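Heads up, data_16.pdb below (PDB, C-alpha atoms):
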ATOM      1  CA  MET A  10     -77.115 122.198 -41.285  1.00  0.00           C
ATOM      2  CA  LYS A  11     -74.264 121.008 -39.058  1.00  0.00           C
ATOM      3  CA  ARG A  12     -70.673 121.511 -40.159  1.00  0.00           C
ATOM      4  CA  GLU A  13     -70.219 117.745 -40.560  1.00  0.00           C
ATOM      5  CA  GLN A  14     -73.275 117.535 -42.807  1.00  0.00           C
ATOM      6  CA  LEU A  15     -72.118 120.474 -44.910  1.00  0.00           C
ATOM      7  CA  LEU A  16     -68.681 118.982 -45.430  1.00  0.00           C
ATOM      8  CA  ASP A  17     -70.065 115.533 -46.196  1.00  0.00           C
ATOM      9  CA  ALA A  18     -72.522 117.007 -48.701  1.00  0.00           C
ATOM     10  CA  ILE A  19     -69.697 118.278 -50.925  1.00  0.00           C
ATOM     11  CA  GLY A  20     -69.513 115.325 -53.277  1.00  0.00           C
ATOM     12  CA  PHE A  21     -66.306 116.107 -55.172  1.00  0.00           C
ATOM     13  CA  ILE A  22     -64.187 116.303 -51.995  1.00  0.00           C
ATOM     14  CA  ASN A  23     -62.639 112.998 -51.031  1.00  0.00           C
ATOM     15  CA  ASP A  24     -62.670 111.583 -47.527  1.00  0.00           C
ATOM     16  CA  GLU A  25     -59.115 112.680 -46.824  1.00  0.00           C
ATOM     17  CA  ALA A  26     -59.938 116.283 -47.702  1.00  0.00           C
ATOM     18  CA  VAL A  27     -62.999 116.169 -45.437  1.00  0.00           C
ATOM     19  CA  ARG A  28     -60.935 114.761 -42.567  1.00  0.00           C
ATOM     20  CA  ASP A  29     -58.367 117.518 -43.067  1.00  0.00           C
ATOM     21  CA  ALA A  30     -61.095 120.149 -42.980  1.00  0.00           C
ATOM     22  CA  LYS A  31     -62.674 118.635 -39.854  1.00  0.00           C
ATOM     23  CA  ALA A  32     -59.270 118.648 -38.176  1.00  0.00           C
ATOM     24  CA  TYR A  33     -59.477 122.437 -38.069  1.00  0.00           C
ATOM     25  CA  GLN A  34     -62.696 122.290 -36.063  1.00  0.00           C
ATOM     26  CA  SER A  35     -62.317 123.019 -32.366  1.00  0.00           C
ATOM     27  CA  PRO A  36     -64.756 124.478 -29.827  1.00  0.00           C
ATOM     28  CA  LYS A  37     -61.964 126.824 -28.722  1.00  0.00           C
ATOM     29  CA  ARG A  38     -61.541 128.412 -32.170  1.00  0.00           C
ATOM     30  CA  HIS A  39     -63.333 131.610 -33.121  1.00  0.00           C
ATOM     31  CA  TYR A  40     -66.249 131.731 -35.579  1.00  0.00           C
ATOM     32  CA  GLY A  41     -64.009 133.300 -38.222  1.00  0.00           C
ATOM     33  CA  SER A  42     -61.854 130.146 -38.307  1.00  0.00           C
ATOM     34  CA  ARG A  43     -64.889 127.971 -38.940  1.00  0.00           C
ATOM     35  CA  VAL A  44     -65.934 130.215 -41.828  1.00  0.00           C
ATOM     36  CA  PHE A  45     -62.440 129.847 -43.301  1.00  0.00           C
ATOM     37  CA  VAL A  46     -62.696 126.045 -43.156  1.00  0.00           C
ATOM     38  CA  ILE A  47     -66.036 126.020 -44.983  1.00  0.00           C
ATOM     39  CA  ALA A  48     -64.803 128.568 -47.533  1.00  0.00           C
ATOM     40  CA  ALA A  49     -61.685 126.475 -48.149  1.00  0.00           C
ATOM     41  CA  ALA A  50     -63.825 123.379 -48.701  1.00  0.00           C
ATOM     42  CA  ILE A  51     -66.052 125.211 -51.184  1.00  0.00           C
ATOM     43  CA  MET A  52     -62.968 126.562 -52.966  1.00  0.00           C
ATOM     44  CA  LEU A  53     -61.627 123.022 -53.271  1.00  0.00           C
ATOM     45  CA  LEU A  54     -64.940 121.862 -54.730  1.00  0.00           C
ATOM     46  CA  THR A  55     -64.958 124.683 -57.283  1.00  0.00           C
ATOM     47  CA  SER A  56     -61.343 124.053 -58.260  1.00  0.00           C
ATOM     48  CA  THR A  57     -62.040 120.342 -58.694  1.00  0.00           C
ATOM     49  CA  ALA A  58     -65.041 121.011 -60.949  1.00  0.00           C
ATOM     50  CA  VAL A  59     -63.078 123.459 -63.107  1.00  0.00           C
ATOM     51  CA  ALA A  60     -60.175 121.028 -63.358  1.00  0.00           C
ATOM     52  CA  ALA A  61     -62.547 118.293 -64.544  1.00  0.00           C
ATOM     53  CA  VAL A  62     -63.676 120.511 -67.438  1.00  0.00           C
ATOM     54  CA  TRP A  63     -60.169 121.480 -68.472  1.00  0.00           C
ATOM     55  CA  MET A  64     -58.998 117.867 -68.376  1.00  0.00           C
ATOM     56  CA  LEU A  65     -61.169 117.111 -71.412  1.00  0.00           C
ATOM     57  CA  LEU A  66     -59.558 116.900 -74.808  1.00  0.00           C
ATOM     58  CA  GLN A  67     -60.226 119.592 -77.384  1.00  0.00           C
ATOM     59  CA  ALA A  68     -62.415 118.985 -80.436  1.00  0.00           C
ATOM     60  CA  SER A  69     -59.346 119.339 -82.642  1.00  0.00           C
ATOM     61  CA  ASP A  70     -57.658 116.535 -80.662  1.00  0.00           C
ATOM     62  CA  ILE A  71     -60.562 114.190 -81.389  1.00  0.00           C
ATOM     63  CA  ALA A  72     -60.474 114.941 -85.120  1.00  0.00           C
ATOM     64  CA  GLU A  73     -56.716 114.375 -85.152  1.00  0.00           C
ATOM     65  CA  ARG A  74     -57.147 111.015 -83.390  1.00  0.00           C
ATOM     66  CA  LYS A  75     -59.457 110.064 -86.256  1.00  0.00           C
ATOM     67  CA  GLY A  76     -56.709 110.946 -88.730  1.00  0.00           C
ATOM     68  CA  ASP A  77     -58.742 113.887 -90.039  1.00  0.00           C
ATOM     69  CA  TYR A  78     -56.091 116.601 -89.945  1.00  0.00           C
ATOM     70  CA  THR A  79     -58.057 119.029 -92.109  1.00  0.00           C
ATOM     71  CA  LEU A  80     -60.979 118.867 -89.684  1.00  0.00           C
ATOM     72  CA  SER A  81     -58.584 119.217 -86.760  1.00  0.00           C
ATOM     73  CA  ASP A  82     -57.294 122.453 -88.283  1.00  0.00           C
ATOM     74  CA  ALA A  83     -60.874 123.608 -88.852  1.00  0.00           C
ATOM     75  CA  PHE A  84     -61.696 123.133 -85.158  1.00  0.00           C
ATOM     76  CA  ASP A  85     -58.640 125.255 -84.346  1.00  0.00           C
ATOM     77  CA  SER A  86     -59.626 127.962 -86.833  1.00  0.00           C
ATOM     78  CA  GLU A  87     -61.744 131.091 -86.476  1.00  0.00           C
ATOM     79  CA  LYS A  88     -64.614 129.238 -88.147  1.00  0.00           C
ATOM     80  CA  ALA A  89     -65.092 127.050 -85.102  1.00  0.00           C
ATOM     81  CA  ILE A  90     -67.344 127.957 -82.189  1.00  0.00           C
ATOM     82  CA  SER A  91     -65.918 126.824 -78.862  1.00  0.00           C
ATOM     83  CA  ILE A  92     -68.731 126.163 -76.379  1.00  0.00           C
ATOM     84  CA  ASN A  93     -67.560 123.965 -73.446  1.00  0.00           C
ATOM     85  CA  GLU A  94     -70.991 123.810 -71.814  1.00  0.00           C
ATOM     86  CA  SER A  95     -71.974 120.876 -69.574  1.00  0.00           C
ATOM     87  CA  ILE A  96     -75.371 119.405 -68.677  1.00  0.00           C
ATOM     88  CA  THR A  97     -75.857 116.516 -66.244  1.00  0.00           C
ATOM     89  CA  SER A  98     -78.822 114.189 -66.727  1.00  0.00           C
ATOM     90  CA  GLU A  99     -79.422 110.922 -64.927  1.00  0.00           C
ATOM     91  CA  GLU A 100     -76.030 109.195 -64.581  1.00  0.00           C
ATOM     92  CA  TYR A 101     -74.213 111.140 -67.319  1.00  0.00           C
ATOM     93  CA  THR A 102     -72.634 114.537 -67.841  1.00  0.00           C
ATOM     94  CA  PHE A 103     -72.616 115.819 -71.416  1.00  0.00           C
ATOM     95  CA  THR A 104     -70.162 118.529 -72.457  1.00  0.00           C
ATOM     96  CA  LEU A 105     -70.589 120.229 -75.819  1.00  0.00           C
ATOM     97  CA  LEU A 106     -67.034 121.106 -76.801  1.00  0.00           C
ATOM     98  CA  ALA A 107     -67.208 122.808 -80.193  1.00  0.00           C
ATOM     99  CA  ILE A 108     -68.923 123.062 -83.553  1.00  0.00           C
ATOM    100  CA  VAL A 109     -67.616 123.984 -86.987  1.00  0.00           C
ATOM    101  CA  SER A 110     -69.212 124.162 -90.435  1.00  0.00           C
ATOM    102  CA  GLY A 111     -67.898 124.557 -93.933  1.00  0.00           C
ATOM    103  CA  ASP A 112     -67.103 123.073 -97.317  1.00  0.00           C
ATOM    104  CA  GLY A 113     -64.010 120.904 -97.692  1.00  0.00           C
ATOM    105  CA  ILE A 114     -63.055 120.951 -94.024  1.00  0.00           C
ATOM    106  CA  SER A 115     -62.615 117.181 -93.750  1.00  0.00           C
ATOM    107  CA  ASP A 116     -60.176 114.709 -95.279  1.00  0.00           C
ATOM    108  CA  TYR A 117     -62.969 112.162 -95.629  1.00  0.00           C
ATOM    109  CA  ILE A 118     -65.485 112.369 -98.461  1.00  0.00           C
ATOM    110  CA  GLY A 119     -68.661 110.290 -98.236  1.00  0.00           C
ATOM    111  CA  SER A 120     -71.760 110.053-100.385  1.00  0.00           C
ATOM    112  CA  ALA A 121     -73.625 112.495 -98.127  1.00  0.00           C
ATOM    113  CA  MET A 122     -70.877 115.075 -98.557  1.00  0.00           C
ATOM    114  CA  GLN A 123     -71.071 114.707-102.315  1.00  0.00           C
ATOM    115  CA  ARG A 124     -74.793 115.547-102.192  1.00  0.00           C
ATOM    116  CA  GLN A 125     -74.360 118.385 -99.679  1.00  0.00           C
ATOM    117  CA  PRO A 126     -70.743 119.684 -99.579  1.00  0.00           C
ATOM    118  CA  GLU A 127     -71.442 122.125 -96.740  1.00  0.00           C
ATOM    119  CA  ARG A 128     -71.154 120.064 -93.558  1.00  0.00           C
ATOM    120  CA  THR A 129     -71.432 120.659 -89.819  1.00  0.00           C
ATOM    121  CA  TYR A 130     -69.196 118.845 -87.315  1.00  0.00           C
ATOM    122  CA  VAL A 131     -69.810 118.670 -83.569  1.00  0.00           C
ATOM    123  CA  VAL A 132     -67.820 117.089 -80.737  1.00  0.00           C
ATOM    124  CA  LEU A 133     -69.570 116.104 -77.503  1.00  0.00           C
ATOM    125  CA  ALA A 134     -67.951 114.521 -74.437  1.00  0.00           C
ATOM    126  CA  ILE A 135     -69.870 111.977 -72.350  1.00  0.00           C
ATOM    127  CA  GLN A 136     -68.775 111.261 -68.763  1.00  0.00           C
ATOM    128  CA  ASN A 137     -70.175 109.365 -65.811  1.00  0.00           C
ATOM    129  CA  ALA A 138     -71.722 111.971 -63.536  1.00  0.00           C
ATOM    130  CA  ASP A 139     -70.121 110.399 -60.464  1.00  0.00           C
ATOM    131  CA  GLY A 140     -66.645 110.957 -61.908  1.00  0.00           C
ATOM    132  CA  SER A 141     -65.873 107.287 -62.455  1.00  0.00           C
ATOM    133  CA  PRO A 142     -64.310 106.359 -65.804  1.00  0.00           C
ATOM    134  CA  ILE A 143     -66.486 104.876 -68.515  1.00  0.00           C
ATOM    135  CA  GLN A 144     -65.283 101.350 -69.170  1.00  0.00           C
ATOM    136  CA  LYS A 145     -64.586  99.804 -72.557  1.00  0.00           C
ATOM    137  CA  ASP A 146     -67.398  97.303 -72.000  1.00  0.00           C
ATOM    138  CA  ASP A 147     -69.852 100.217 -71.679  1.00  0.00           C
ATOM    139  CA  LEU A 148     -68.841 101.794 -74.989  1.00  0.00           C
ATOM    140  CA  PHE A 149     -71.014  99.435 -77.046  1.00  0.00           C
ATOM    141  CA  ASP A 150     -74.166 100.463 -75.182  1.00  0.00           C
ATOM    142  CA  LEU A 151     -73.362 104.170 -75.459  1.00  0.00           C
ATOM    143  CA  THR A 152     -72.602 103.906 -79.158  1.00  0.00           C
ATOM    144  CA  ASN A 153     -75.781 102.008 -79.960  1.00  0.00           C
ATOM    145  CA  ASN A 154     -78.204 103.613 -77.528  1.00  0.00           C
ATOM    146  CA  PHE A 155     -77.400 107.331 -77.608  1.00  0.00           C
ATOM    147  CA  MET A 156     -78.251 109.881 -80.283  1.00  0.00           C
ATOM    148  CA  VAL A 157     -76.607 113.291 -80.612  1.00  0.00           C
ATOM    149  CA  THR A 158     -78.254 115.543 -83.160  1.00  0.00           C
ATOM    150  CA  PRO A 159     -78.693 119.148 -84.247  1.00  0.00           C
ATOM    151  CA  MET A 160     -82.295 120.390 -84.115  1.00  0.00           C
ATOM    152  CA  ILE A 161     -83.952 123.431 -85.673  1.00  0.00           C
ATOM    153  CA  ARG A 162     -86.350 125.741 -83.857  1.00  0.00           C
ATOM    154  CA  GLY A 163     -89.782 125.495 -85.426  1.00  0.00           C
ATOM    155  CA  VAL A 164     -89.046 122.161 -87.098  1.00  0.00           C
ATOM    156  CA  LYS A 165     -90.238 118.891 -85.569  1.00  0.00           C
ATOM    157  CA  PRO A 166     -87.121 117.098 -84.274  1.00  0.00           C
ATOM    158  CA  TRP A 167     -88.475 113.628 -85.061  1.00  0.00           C
ATOM    159  CA  VAL A 168     -88.682 114.706 -88.723  1.00  0.00           C
ATOM    160  CA  VAL A 169     -85.444 116.649 -89.217  1.00  0.00           C
ATOM    161  CA  ASN A 170     -82.407 115.477 -87.289  1.00  0.00           C
ATOM    162  CA  ALA A 171     -78.930 114.101 -87.908  1.00  0.00           C
ATOM    163  CA  ALA A 172     -80.301 110.828 -89.269  1.00  0.00           C
ATOM    164  CA  SER A 173     -82.349 112.573 -91.954  1.00  0.00           C
ATOM    165  CA  MET A 174     -79.640 115.186 -92.669  1.00  0.00           C
ATOM    166  CA  GLY A 175     -77.078 112.788 -94.081  1.00  0.00           C
ATOM    167  CA  GLY A 176     -75.532 112.348 -90.668  1.00  0.00           C
ATOM    168  CA  SER A 177     -72.986 109.955 -89.243  1.00  0.00           C
ATOM    169  CA  PHE A 178     -70.910 109.709 -86.090  1.00  0.00           C
ATOM    170  CA  SER A 179     -67.977 107.982 -84.445  1.00  0.00           C
ATOM    171  CA  ASP A 180     -67.111 107.417 -80.786  1.00  0.00           C
ATOM    172  CA  SER A 181     -63.711 107.436 -79.110  1.00  0.00           C
ATOM    173  CA  LEU A 182     -63.034 106.276 -75.548  1.00  0.00           C
ATOM    174  CA  VAL A 183     -60.091 108.191 -74.097  1.00  0.00           C
ATOM    175  CA  ASP A 184     -59.159 108.049 -70.394  1.00  0.00           C
ATOM    176  CA  GLY A 185     -62.650 107.049 -69.316  1.00  0.00           C
ATOM    177  CA  VAL A 186     -64.425 109.700 -71.412  1.00  0.00           C
ATOM    178  CA  VAL A 187     -66.429 109.018 -74.569  1.00  0.00           C
ATOM    179  CA  TYR A 188     -66.037 111.644 -77.290  1.00  0.00           C
ATOM    180  CA  ARG A 189     -68.627 111.634 -80.041  1.00  0.00           C
ATOM    181  CA  LEU A 190     -67.838 113.301 -83.362  1.00  0.00           C
ATOM    182  CA  VAL A 191     -71.052 113.995 -85.275  1.00  0.00           C
ATOM    183  CA  GLU A 192     -71.360 115.265 -88.827  1.00  0.00           C
ATOM    184  CA  CYS A 193     -74.375 116.169 -90.954  1.00  0.00           C
ATOM    185  CA  ASP A 194     -75.528 118.630 -93.611  1.00  0.00           C
ATOM    186  CA  SER A 195     -74.670 122.172 -92.611  1.00  0.00           C
ATOM    187  CA  ILE A 196     -77.093 123.723 -90.138  1.00  0.00           C
ATOM    188  CA  MET A 197     -75.791 127.252 -90.704  1.00  0.00           C
ATOM    189  CA  ILE A 198     -78.523 128.072 -93.224  1.00  0.00           C
ATOM    190  CA  PHE A 199     -81.022 127.815 -90.338  1.00  0.00           C
ATOM    191  CA  ALA A 200     -79.101 130.169 -88.034  1.00  0.00           C
ATOM    192  CA  ASP A 201     -81.836 132.833 -87.991  1.00  0.00           C
ATOM    193  CA  ARG A 202     -84.403 130.311 -86.757  1.00  0.00           C
ATOM    194  CA  GLY A 203     -82.515 129.163 -83.665  1.00  0.00           C
ATOM    195  CA  LEU A 204     -80.524 125.946 -83.359  1.00  0.00           C
ATOM    196  CA  TYR A 205     -80.061 123.266 -80.719  1.00  0.00           C
ATOM    197  CA  LEU A 206     -78.035 120.155 -80.069  1.00  0.00           C
ATOM    198  CA  GLY A 207     -80.051 117.354 -78.538  1.00  0.00           C
ATOM    199  CA  VAL A 208     -78.833 114.264 -76.683  1.00  0.00           C
ATOM    200  CA  CYS A 209     -81.057 111.310 -75.833  1.00  0.00           C
ATOM    201  CA  ALA A 210     -80.655 107.768 -74.551  1.00  0.00           C
ATOM    202  CA  GLU A 211     -82.037 106.048 -77.644  1.00  0.00           C
ATOM    203  CA  PRO A 212     -80.773 105.625 -81.207  1.00  0.00           C
ATOM    204  CA  PHE A 213     -83.608 107.631 -82.769  1.00  0.00           C
ATOM    205  CA  ILE A 214     -86.012 110.468 -81.956  1.00  0.00           C
ATOM    206  CA  ASN A 215     -89.747 109.976 -81.573  1.00  0.00           C
ATOM    207  CA  ARG A 216     -92.518 112.423 -80.718  1.00  0.00           C
ATOM    208  CA  ASP A 217     -91.931 112.067 -76.970  1.00  0.00           C
ATOM    209  CA  THR A 218     -88.136 112.288 -76.862  1.00  0.00           C
ATOM    210  CA  PHE A 219     -88.043 116.084 -76.607  1.00  0.00           C
ATOM    211  CA  LYS A 220     -90.741 118.643 -75.887  1.00  0.00           C
ATOM    212  CA  PHE A 221     -91.714 120.485 -79.073  1.00  0.00           C
ATOM    213  CA  ASP A 222     -93.866 123.583 -78.603  1.00  0.00           C
ATOM    214  CA  GLU A 223     -96.155 123.784 -81.631  1.00  0.00           C
ATOM    215  CA  SER A 224     -96.910 127.485 -81.049  1.00  0.00           C
ATOM    216  CA  THR A 225     -93.368 128.809 -80.518  1.00  0.00           C
ATOM    217  CA  GLY A 226     -91.254 126.113 -82.152  1.00  0.00           C
ATOM    218  CA  GLU A 227     -89.095 125.849 -79.037  1.00  0.00           C
ATOM    219  CA  ILE A 228     -87.450 122.489 -78.352  1.00  0.00           C
ATOM    220  CA  THR A 229     -86.670 121.584 -74.740  1.00  0.00           C
ATOM    221  CA  VAL A 230     -86.031 118.552 -72.573  1.00  0.00           C
ATOM    222  CA  ASN A 231     -89.128 116.452 -71.958  1.00  0.00           C
ATOM    223  CA  PRO A 232     -89.405 116.115 -68.152  1.00  0.00           C
ATOM    224  CA  ASP A 233     -91.278 112.832 -68.632  1.00  0.00           C
ATOM    225  CA  TYR A 234     -88.591 111.272 -70.819  1.00  0.00           C
ATOM    226  CA  PRO A 235     -87.392 108.045 -69.120  1.00  0.00           C
ATOM    227  CA  GLY A 236     -83.657 108.413 -69.611  1.00  0.00           C
ATOM    228  CA  ALA A 237     -80.722 110.771 -69.884  1.00  0.00           C
ATOM    229  CA  SER A 238     -81.325 113.710 -72.212  1.00  0.00           C
ATOM    230  CA  ALA A 239     -80.094 117.238 -72.778  1.00  0.00           C
ATOM    231  CA  VAL A 240     -80.737 120.197 -75.045  1.00  0.00           C
ATOM    232  CA  PHE A 241     -78.017 122.756 -75.753  1.00  0.00           C
ATOM    233  CA  GLU A 242     -78.795 126.066 -77.440  1.00  0.00           C
ATOM    234  CA  LEU A 243     -76.192 126.702 -80.140  1.00  0.00           C
ATOM    235  CA  PRO A 244     -74.729 130.233 -80.151  1.00  0.00           C
ATOM    236  CA  ILE A 245     -74.640 130.685 -83.923  1.00  0.00           C
ATOM    237  CA  ASP A 246     -74.944 134.193 -85.342  1.00  0.00           C
ATOM    238  CA  ALA A 247     -78.091 134.721 -87.416  1.00  0.00           C
ATOM    239  CA  SER A 248     -76.020 136.427 -90.127  1.00  0.00           C
ATOM    240  CA  HIS A 249     -74.928 132.966 -91.318  1.00  0.00           C
ATOM    241  CA  ALA A 250     -78.483 132.097 -92.335  1.00  0.00           C
ATOM    242  CA  ASP A 251     -79.700 131.552 -95.884  1.00  0.00           C
ATOM    243  CA  PRO A 252     -83.522 131.622 -95.618  1.00  0.00           C
ATOM    244  CA  GLU A 253     -84.128 130.758 -99.264  1.00  0.00           C
ATOM    245  CA  GLN A 254     -81.813 127.756 -99.184  1.00  0.00           C
ATOM    246  CA  ALA A 255     -83.295 126.711 -95.828  1.00  0.00           C
ATOM    247  CA  GLU A 256     -86.810 126.663 -97.279  1.00  0.00           C
ATOM    248  CA  GLN A 257     -85.662 124.626-100.265  1.00  0.00           C
ATOM    249  CA  TYR A 258     -83.911 122.181 -97.959  1.00  0.00           C
ATOM    250  CA  LEU A 259     -87.013 121.648 -95.809  1.00  0.00           C
ATOM    251  CA  GLU A 260     -89.350 121.116 -98.756  1.00  0.00           C
ATOM    252  CA  ARG A 261     -88.316 117.469 -98.927  1.00  0.00           C
ATOM    253  CA  TYR A 262     -89.692 116.919 -95.403  1.00  0.00           C
ATOM    254  CA  GLU A 263     -93.110 118.548 -95.839  1.00  0.00           C
ATOM    255  CA  GLU A 264     -95.042 115.295 -96.210  1.00  0.00           C
ATOM    256  CA  LEU A 265     -93.275 113.694 -93.242  1.00  0.00           C
ATOM    257  CA  ALA A 266     -94.024 116.724 -91.058  1.00  0.00           C
ATOM    258  CA  GLU A 267     -97.803 116.296 -91.390  1.00  0.00           C
TER     259      GLU A 267
END
Spell out the structure here as structure tokens.
Amino acid sequence: MKREQLLDAIGFINDEAVRDAKAYQSPKRHYGSRVFVIAAAIMLLTSTAVAAVWMLLQASDIAERKGDYTLSDAFDSEKAISINESITSEEYTFTLLAIVSGDGISDYIGSAMQRQPERTYVVLAIQNADGSPIQKDDLFDLTNNFMVTPMIRGVKPWVVNAASMGGSFSDSLVDGVVYRLVECDSIMIFADRGLYLGVCAEPFINRDTFKFDESTGEITVNPDYPGASAVFELPIDASHADPEQAEQYLERYEELAE
């Protein structure tokens, strides 16, 4: 690959940066100088990507913007699991910021919480993959056409997901980034099974949204899915599990799982 092609292929570097890098090129310079130019360009790319991640708000900031100060404190506590993992699919980049579970960790009490006091809260950031800001006019489509849901290894995701687990969500558009705050019944009781967070470009999950392996129970992205999707593995310690309670919880779904 020619030097010009290499420099032009680095998408996060703007035209001015590329021109500055090309300005160092000269047939009279030694090979070591050319290596320095390429290394500097790669360093700039890496720094830009890292900066983009750190520019995101924290999960506690999103809860505070919702006026839920108890949940904000929970996201800042030792209970919370900070993840900050990004997956790009189609035209979007999804960043799973954090997850926290517990009883009484929110200022808001709904009917679902009254039935199942132990709740799980997740914050996911959605960005345009090309770095452009998401516009206010696009928020309606994202809110109504994207689902973000916990999923349980070994359990069919179209049967048990946020919608069936007393879930709800809210979206916030801040500086061109959509932040989704999702809550549902606590998933901690399933920690020994393996847990995921799924994202898909539709408001519900059907049998073809994600790939469910009947033999292993693994849930992965379906390569044939016609839209943006992602599956994050949740790093939750198996010691949090309650197998007996988990079995009781899933009994209500046995007929639907057939």
Checklist entry - Mind listing as a PyMOL selection string all residues within 9 Å of (-92.7, 128.6, -85.3), counting all atoms listed in the file? => result chain A and resi 162-164+202+222-227
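Across A:Thr104, A:Asn215, A:Thr158, A:Ser195, the tightest approach to Tyr258 (chain A) is made by A:Ser195 when counting only C-alpha atoms.
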Next on the checklist: Which residues are close to region 88-99 of chain A, i.e. within 7 Å by only C-alpha atoms, leaving aside same-chain residues fewer than 5 positions away? Reply as a list of chain:residue names.
Outcome noted: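 These residues fall inside the cut-off: A:Ala83, A:Thr104, A:Leu105, A:Leu106, A:Ala107, A:Ile108, A:Val109, A:Ala138, A:Gly236, A:Ala237, A:Ser238, A:Ala239.
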Next on the checklist: Evaluated on this file, the PyMOL selection byres ((chain A and resi 134) around 8) picks out some residues - which ones are they, written as a count of residues only?
Outcome noted: 13
Item to check | Residue with smallest distance to Ile228 (chain A) - pool A:Pro252, A:Gly76, A:Pro166, A:Gly111, counting all atoms listed in the file | outcome: A:Pro166
Item to check | Distance criterion (only C-alpha atoms): nearest to Met174 (chain A) out of A:Gln125, A:Thr218, A:Ser69, A:Thr152 | outcome: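 Of the candidates, the smallest distance to Met174 (chain A) is held by A:Gln125.
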Checklist entry - What is the CA of Asn137 (chain A) to CA of Leu204 (chain A) distance in Å? => result 26.3 Å
Item to check | Residue with smallest distance to Ser115 (chain A) - pool A:Asp194, A:Glu256, A:Asp85, A:Asp77, counting all atoms listed in the file | outcome: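 Between A:Asp194, A:Glu256, A:Asp85, A:Asp77, the residue approaching Ser115 (chain A) most closely is A:Asp77.
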Next on the checklist: As an exercise, work out the distance from CA of Asn153 (chain A) to CA of Leu66 (chain A) in Å and give it to one decimal place.
Outcome noted: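 Between CA of Asn153 (chain A) and CA of Leu66 (chain A) the gap works out to 22.6 Å.
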Checklist entry - Given the file above and the PyMOL selection byres ((chain A and resi 177) around 8), which residues are selected, and can you give them as JSON, numbers by chain? => result {"A": [171, 172, 175, 176, 178, 179, 191, 192, 193]}
Checklist entry - Out of A:Glu211, A:Lys165, A:Ser181, A:Ala247, which residue has the shortest atom-to-atom distance to Glu263 (chain A) when counting only C-alpha atoms? => result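 Nearest to Glu263 (chain A): A:Lys165.
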Item to check | Surrounding residues of Asn154 (chain A) excluding itself and chain neighbours under 4 positions, 10 Å, all atoms listed in the file, as a list in words | outcome: Leu148, Phe149, Asp150, Cys209, Ala210, Glu211, Pro212 and Phe213 of chain A
Next on the checklist: Starting from the PyMOL selection byres ((chain A and resi 116-118) around 12), expand the selection into actual residues of this file and give them as an MDAnalysis selection string.
Outcome noted: chainID A and resid 72:73 75:83 112:115 119:128 192
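We find CA of Lys220 (chain A) and CA of Gly207 (chain A) to be spaced 11.1 Å apart.
Nearest-residue note for Tyr205 (chain A): choosing from A:Met160, A:Leu151, A:Ile245, A:Val168, the minimum distance belongs to A:Met160, counting all atoms listed in the file.
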Draw an axis-aligned box over all listed atoms of region 93-102 of chain A, pad each side with 5 Å, and write its centre and edge lengths in Å, one decimal, as AutoDock Vina command-line options.
--center_x -73.5 --center_y 116.6 --center_z -69.0 --size_x 21.9 --size_y 24.8 --size_z 18.9
Next on the checklist: Need the shell around Phe219 (chain A): protein/DNA/RNA residues with any atom at most 6 Å away, counting all atoms listed in the file. Skip same-chain ones fewer than 4 positions apart. Format as a list of chain:residue names?
Outcome noted: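 The neighbour list is A:Thr229, A:Val230, A:Asn231.
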